[in-house]
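Q: Below you'll find run_6.cif; it's mmCIF, C-alpha atoms.
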data_structure
#
loop_
_atom_site.group_PDB
_atom_site.id
_atom_site.type_symbol
_atom_site.label_atom_id
_atom_site.label_comp_id
_atom_site.auth_asym_id
_atom_site.auth_seq_id
_atom_site.Cartn_x
_atom_site.Cartn_y
_atom_site.Cartn_z
ATOM 1 C CA MET A 1 0.000 0.000 0.000
ATOM 2 C CA LYS A 2 1.152 3.470 -0.829
ATOM 3 C CA LEU A 3 1.185 6.270 1.759
ATOM 4 C CA TYR A 4 0.170 9.752 0.620
ATOM 5 C CA LYS A 5 0.998 12.873 2.667
ATOM 6 C CA ARG A 6 -0.154 16.452 2.247
ATOM 7 C CA ARG A 7 0.749 19.551 4.229
ATOM 8 C CA GLY A 8 -1.739 22.315 4.791
ATOM 9 C CA LYS A 9 -2.796 23.791 8.094
ATOM 10 C CA ARG A 10 -2.047 20.326 9.427
ATOM 11 C CA LEU A 11 -0.373 17.178 8.147
ATOM 12 C CA GLU A 12 -2.798 14.825 6.390
ATOM 13 C CA MET A 13 -2.120 11.225 5.519
ATOM 14 C CA SER A 14 -3.969 8.783 3.300
ATOM 15 C CA ILE A 15 -3.250 5.108 2.819
ATOM 16 C CA GLY A 16 -3.960 3.701 -0.622
ATOM 17 C CA GLN A 17 -5.913 6.637 -2.109
ATOM 18 C CA PRO A 18 -4.360 9.876 -3.378
ATOM 19 C CA PHE A 19 -5.857 13.207 -2.333
ATOM 20 C CA ALA A 20 -8.294 14.997 -4.605
ATOM 21 C CA ASN A 21 -7.003 18.176 -6.241
ATOM 22 C CA GLN A 22 -7.631 21.234 -4.094
ATOM 23 C CA MET A 23 -9.523 24.173 -5.500
ATOM 24 C CA PRO A 24 -7.540 27.417 -5.361
ATOM 25 C CA SER A 25 -8.968 29.905 -2.903
ATOM 26 C CA SER A 26 -10.822 32.830 -4.436
ATOM 27 C CA VAL A 27 -9.518 36.366 -4.068
ATOM 28 C CA TYR A 28 -11.305 38.230 -1.288
ATOM 29 C CA ILE A 29 -12.611 41.578 -2.518
ATOM 30 C CA PRO A 30 -13.182 43.898 0.433
ATOM 31 C CA LYS A 31 -16.182 46.161 0.828
ATOM 32 C CA ASN A 32 -16.025 49.309 -1.293
ATOM 33 C CA THR A 33 -16.659 52.085 1.230
ATOM 34 C CA ALA A 34 -16.425 54.816 -1.403
ATOM 35 C CA LYS A 35 -19.287 53.243 -3.359
ATOM 36 C CA GLU A 36 -21.401 53.050 -0.190
ATOM 37 C CA ALA A 37 -20.603 56.682 0.610
ATOM 38 C CA LEU A 38 -21.703 57.846 -2.832
ATOM 39 C CA ARG A 39 -24.894 55.759 -2.601
ATOM 40 C CA ALA A 40 -25.733 57.305 0.788
ATOM 41 C CA LYS A 41 -25.065 60.817 -0.530
ATOM 42 C CA GLN A 42 -27.196 60.155 -3.621
ATOM 43 C CA CYS A 43 -30.010 58.730 -1.505
ATOM 44 C CA LEU A 44 -29.988 61.851 0.660
ATOM 45 C CA ALA A 45 -30.039 64.045 -2.468
ATOM 46 C CA ASP A 46 -32.911 62.059 -4.010
ATOM 47 C CA ASN A 47 -34.967 62.138 -0.795
ATOM 48 C CA PRO A 48 -34.452 65.560 0.835
ATOM 49 C CA ASP A 49 -37.219 64.900 3.359
ATOM 50 C CA PHE A 50 -35.402 61.793 4.719
ATOM 51 C CA ASN A 51 -33.175 62.085 7.763
ATOM 52 C CA GLN A 52 -30.092 60.010 8.541
ATOM 53 C CA THR A 53 -32.059 57.498 10.616
ATOM 54 C CA GLN A 54 -34.446 56.745 7.743
ATOM 55 C CA ILE A 55 -31.558 56.332 5.318
ATOM 56 C CA ALA A 56 -29.810 54.053 7.827
ATOM 57 C CA ASP A 57 -32.932 51.877 8.003
ATOM 58 C CA GLN A 58 -33.056 51.740 4.213
ATOM 59 C CA PHE A 59 -29.369 50.681 3.974
ATOM 60 C CA GLY A 60 -29.506 48.343 6.961
ATOM 61 C CA VAL A 61 -26.745 50.111 8.924
ATOM 62 C CA THR A 62 -26.613 52.407 11.946
ATOM 63 C CA ARG A 63 -27.196 56.144 11.846
ATOM 64 C CA ALA A 64 -23.593 56.687 12.922
ATOM 65 C CA ARG A 65 -22.387 54.734 9.884
ATOM 66 C CA ILE A 66 -24.474 56.949 7.582
ATOM 67 C CA SER A 67 -22.931 59.991 9.240
ATOM 68 C CA GLN A 68 -19.453 58.566 8.592
ATOM 69 C CA LEU A 69 -20.280 57.793 4.960
ATOM 70 C CA LEU A 70 -21.617 61.307 4.393
ATOM 71 C CA LYS A 71 -18.474 62.783 5.956
ATOM 72 C CA ILE A 72 -16.310 60.657 3.647
ATOM 73 C CA SER A 73 -18.278 61.600 0.526
ATOM 74 C CA SER A 74 -18.327 65.316 1.294
ATOM 75 C CA ASN A 75 -14.741 65.844 2.541
ATOM 76 C CA ILE A 76 -12.694 63.669 0.195
ATOM 77 C CA PRO A 77 -12.129 65.118 -3.327
ATOM 78 C CA ASP A 78 -14.821 64.074 -5.808
ATOM 79 C CA ASP A 79 -12.313 62.925 -8.449
ATOM 80 C CA PHE A 80 -10.791 60.395 -6.104
ATOM 81 C CA ILE A 81 -14.002 59.166 -4.478
ATOM 82 C CA THR A 82 -15.649 58.435 -7.860
ATOM 83 C CA LYS A 83 -12.513 56.673 -9.131
ATOM 84 C CA LEU A 84 -12.356 54.571 -5.950
ATOM 85 C CA ALA A 85 -16.081 53.757 -6.185
ATOM 86 C CA GLN A 86 -15.553 52.269 -9.659
ATOM 87 C CA CYS A 87 -12.405 50.372 -8.595
ATOM 88 C CA LYS A 88 -12.402 46.583 -8.411
ATOM 89 C CA ASP A 89 -8.725 46.187 -7.435
ATOM 90 C CA PRO A 90 -8.667 44.347 -4.072
ATOM 91 C CA ILE A 91 -5.226 45.751 -3.177
ATOM 92 C CA LEU A 92 -6.376 49.340 -3.619
ATOM 93 C CA LEU A 93 -9.628 48.666 -1.744
ATOM 94 C CA ARG A 94 -7.663 47.153 1.157
ATOM 95 C CA ARG A 95 -5.439 50.209 1.178
ATOM 96 C CA PHE A 96 -8.405 52.603 1.365
ATOM 97 C CA THR A 97 -10.620 51.004 4.006
ATOM 98 C CA GLY A 98 -13.503 52.792 5.639
ATOM 99 C CA LYS A 99 -11.460 53.583 8.715
ATOM 100 C CA ARG A 100 -8.611 55.070 6.683
ATOM 101 C CA LEU A 101 -10.994 57.087 4.485
ATOM 102 C CA LEU A 102 -12.655 58.463 7.618
ATOM 103 C CA LYS A 103 -9.265 59.523 9.007
ATOM 104 C CA ILE A 104 -8.428 61.234 5.717
ATOM 105 C CA ALA A 105 -11.815 62.980 5.698
ATOM 106 C CA SER A 106 -11.188 64.194 9.264
ATOM 107 C CA LEU A 107 -8.062 66.114 8.276
ATOM 108 C CA GLU A 108 -8.635 69.869 8.621
ATOM 109 C CA ILE A 109 -6.805 71.188 5.538
ATOM 110 C CA GLU A 110 -7.763 69.942 2.082
ATOM 111 C CA GLN A 111 -4.149 70.002 0.883
ATOM 112 C CA ASN A 112 -3.266 67.533 3.666
ATOM 113 C CA ARG A 113 -6.046 65.222 2.476
ATOM 114 C CA ILE A 114 -4.725 65.317 -1.095
ATOM 115 C CA GLU A 115 -1.136 64.681 0.032
ATOM 116 C CA THR A 116 -2.222 61.727 2.180
ATOM 117 C CA ILE A 117 -4.146 60.196 -0.719
ATOM 118 C CA GLU A 118 -1.168 60.647 -3.050
ATOM 119 C CA LEU A 119 1.133 58.974 -0.509
ATOM 120 C CA LEU A 120 -1.177 55.952 -0.243
ATOM 121 C CA MET A 121 -1.646 55.524 -3.986
ATOM 122 C CA PRO A 122 0.560 52.933 -5.720
ATOM 123 C CA LYS A 123 3.720 54.300 -7.346
ATOM 124 C CA ASN A 124 2.632 53.394 -10.882
ATOM 125 C CA GLU A 125 -0.801 55.000 -10.554
ATOM 126 C CA LYS A 126 -1.123 58.781 -10.603
ATOM 127 C CA ILE A 127 -4.302 60.665 -9.823
ATOM 128 C CA THR A 128 -4.908 64.305 -10.620
ATOM 129 C CA PHE A 129 -7.235 66.496 -8.615
ATOM 130 C CA SER A 130 -9.218 69.212 -10.357
ATOM 131 C CA ASN A 131 -9.003 71.729 -7.496
ATOM 132 C CA GLY A 132 -5.680 70.719 -5.958
ATOM 133 C CA SER A 133 -2.192 69.900 -7.204
#
Write the structure described by the file as structure tokens, please.
A:
Amino acid sequence: MKLYKRRGKRLEMSIGQPFANQMPSSVYIPKNTAKEALRAKQCLADNPDFNQTQIADQFGVTRARISQLLKISSNIPDDFITKLAQCKDPILLRRFTGKRLLKIASLEIEQNRIETIELLMPKNEKITFSNGS
């Protein structure tokens, strides 16, 4: 009888039968916070009589999350937020998480926001801002 061994998270052994081929794991695409922020902003623009609580109920999140999304969509430059909303690159989406976008949006001076975004962008990708540098 032949002994088959395979290493993964643990050592597996099989006597007599080889292991079936493993399926490669799929690439995890993180949540696109910029897309959510633009959707929340658009929903508020389409329904001016709605408040943040009603929009939160519609999206299935908390009112605080809607407040964060509106802060992100209003404080971060429009060029960048629309480009990020259309992005499907998982590396770029992991780089610009909701927490990081909220920290960027909390910066007082707009030039600091633009510089921070440019620092976080990959070296080969350049973004131009219409009102900034």
Q: For atom CA of A:Leu120 and atom CA of A:Arg65, quote the distance in Å rounded to one decimal.
A: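 Calculated distance between atom CA of A:Leu120 and atom CA of A:Arg65 is 23.5 Å.
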Q: As an exercise, work out the distance from atom CA of A:Leu11 to atom CA of A:Val27 in Å and give it to one decimal place.
A: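 So the two atoms, atom CA of A:Leu11 and atom CA of A:Val27, lie 24.5 Å apart.
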Q: Separation of atom CA of A:Glu125 and atom CA of A:Ala40, in Å?
A: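 Computed distance, atom CA of A:Glu125 to atom CA of A:Ala40, equals 27.5 Å.
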Q: Taking 4 positions as the minimum chain separation for residues in the same chain, which residues sit within 12 Å of A:Thr97 when counting only C-alpha atoms? Answer as a PDB file with C-alpha atoms, keeping the file's coordinate frame.
A:
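Result file selection.pdb:
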ATOM      1  CA  ILE A  29     -12.611  41.578  -2.518  1.00  0.00           C
ATOM      2  CA  PRO A  30     -13.182  43.898   0.433  1.00  0.00           C
ATOM      3  CA  LYS A  31     -16.182  46.161   0.828  1.00  0.00           C
ATOM      4  CA  ASN A  32     -16.025  49.309  -1.293  1.00  0.00           C
ATOM      5  CA  THR A  33     -16.659  52.085   1.230  1.00  0.00           C
ATOM      6  CA  ALA A  34     -16.425  54.816  -1.403  1.00  0.00           C
ATOM      7  CA  LYS A  35     -19.287  53.243  -3.359  1.00  0.00           C
ATOM      8  CA  GLU A  36     -21.401  53.050  -0.190  1.00  0.00           C
ATOM      9  CA  ALA A  37     -20.603  56.682   0.610  1.00  0.00           C
ATOM     10  CA  LEU A  69     -20.280  57.793   4.960  1.00  0.00           C
ATOM     11  CA  ILE A  72     -16.310  60.657   3.647  1.00  0.00           C
ATOM     12  CA  LEU A  84     -12.356  54.571  -5.950  1.00  0.00           C
ATOM     13  CA  ALA A  85     -16.081  53.757  -6.185  1.00  0.00           C
ATOM     14  CA  PRO A  90      -8.667  44.347  -4.072  1.00  0.00           C
ATOM     15  CA  ILE A  91      -5.226  45.751  -3.177  1.00  0.00           C
ATOM     16  CA  LEU A  92      -6.376  49.340  -3.619  1.00  0.00           C
ATOM     17  CA  LEU A  93      -9.628  48.666  -1.744  1.00  0.00           C
ATOM     18  CA  LEU A 101     -10.994  57.087   4.485  1.00  0.00           C
ATOM     19  CA  LEU A 102     -12.655  58.463   7.618  1.00  0.00           C
ATOM     20  CA  LYS A 103      -9.265  59.523   9.007  1.00  0.00           C
ATOM     21  CA  ILE A 104      -8.428  61.234   5.717  1.00  0.00           C
ATOM     22  CA  LEU A 120      -1.177  55.952  -0.243  1.00  0.00           C
TER      23      LEU A 120
END
Q: Build an axis-aligned box that encloses every atom of stretch 113-128 of chain A listed in the file, pad it by 4 Å on each side, and report its centre and edge lengths in Å to one decimal, as JSON.
A:
{"center_x": -1.2, "center_y": 59.1, "center_z": -4.2, "size_x": 17.8, "size_y": 20.4, "size_z": 21.4}
Q: When you count all atoms listed in the file, which of these residues is closest to A:Asn75: A:Arg113, A:Lys41, A:Lys88, A:Arg63?
A: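 Using all atoms listed in the file, A:Asn75 sits closest to A:Arg113.
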Q: Ranking A:Ile127, A:Met1, A:Leu107, A:Leu119 by minimum distance to A:Asp79 and counting only C-alpha atoms, which one comes first?
A: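 When distances to A:Asp79 are compared using only C-alpha atoms, the smallest one comes from A:Ile127.
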Q: Using only C-alpha atoms, which residue out of A:Ser73, A:Thr128, A:Arg39, A:Ser106 lies closest to A:Gln58?
A: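 Checking each of A:Ser73, A:Thr128, A:Arg39, A:Ser106 against A:Gln58, counting only C-alpha atoms, the winner is A:Arg39.
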Q: Around (-14.5, 65.4, -8.4), as given in the file, which residues come within 10 Å? Count all atoms listed in the file and list them as a compact mmCIF listing (two decimals) with C-alpha atoms, in the frame of the given file.
A:
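Saved as part05.txt:
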# COMPACT_ATOMS: atom_id res chain seq x y z
CA ILE A 76 -12.69 63.67 0.20
CA PRO A 77 -12.13 65.12 -3.33
CA ASP A 78 -14.82 64.07 -5.81
CA ASP A 79 -12.31 62.92 -8.45
CA PHE A 80 -10.79 60.40 -6.10
CA ILE A 81 -14.00 59.17 -4.48
CA THR A 82 -15.65 58.44 -7.86
CA LYS A 83 -12.51 56.67 -9.13
CA THR A 128 -4.91 64.31 -10.62
CA PHE A 129 -7.24 66.50 -8.62
CA SER A 130 -9.22 69.21 -10.36
CA ASN A 131 -9.00 71.73 -7.50
Q: Which residue, A:Gln86, A:Arg95, A:Arg7, A:Ile66, has the smallest gap to A:Phe19 when you use all atoms listed in the file?
A: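 Selected residue with least distance to A:Phe19: A:Arg7.
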Q: Please determine, counting all atoms listed in the file, which residue among A:Asn47, A:Ser74, A:Gln52, A:Ser14 has the shortest atom-to-atom distance to A:Ala105.
A: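 So, comparing all the options, the nearest one is A:Ser74.
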Q: Near A:Pro18, within 10 Å and counting all atoms listed in the file, which residues show up once chain neighbours fewer than 2 positions away are dropped, as a list in words?
A: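 Result of the neighbour search: Lys2, Leu3, Tyr4, Lys5, Arg6, Met13, Ser14, Ile15, Gly16, Ala20 and Asn21 of chain A.
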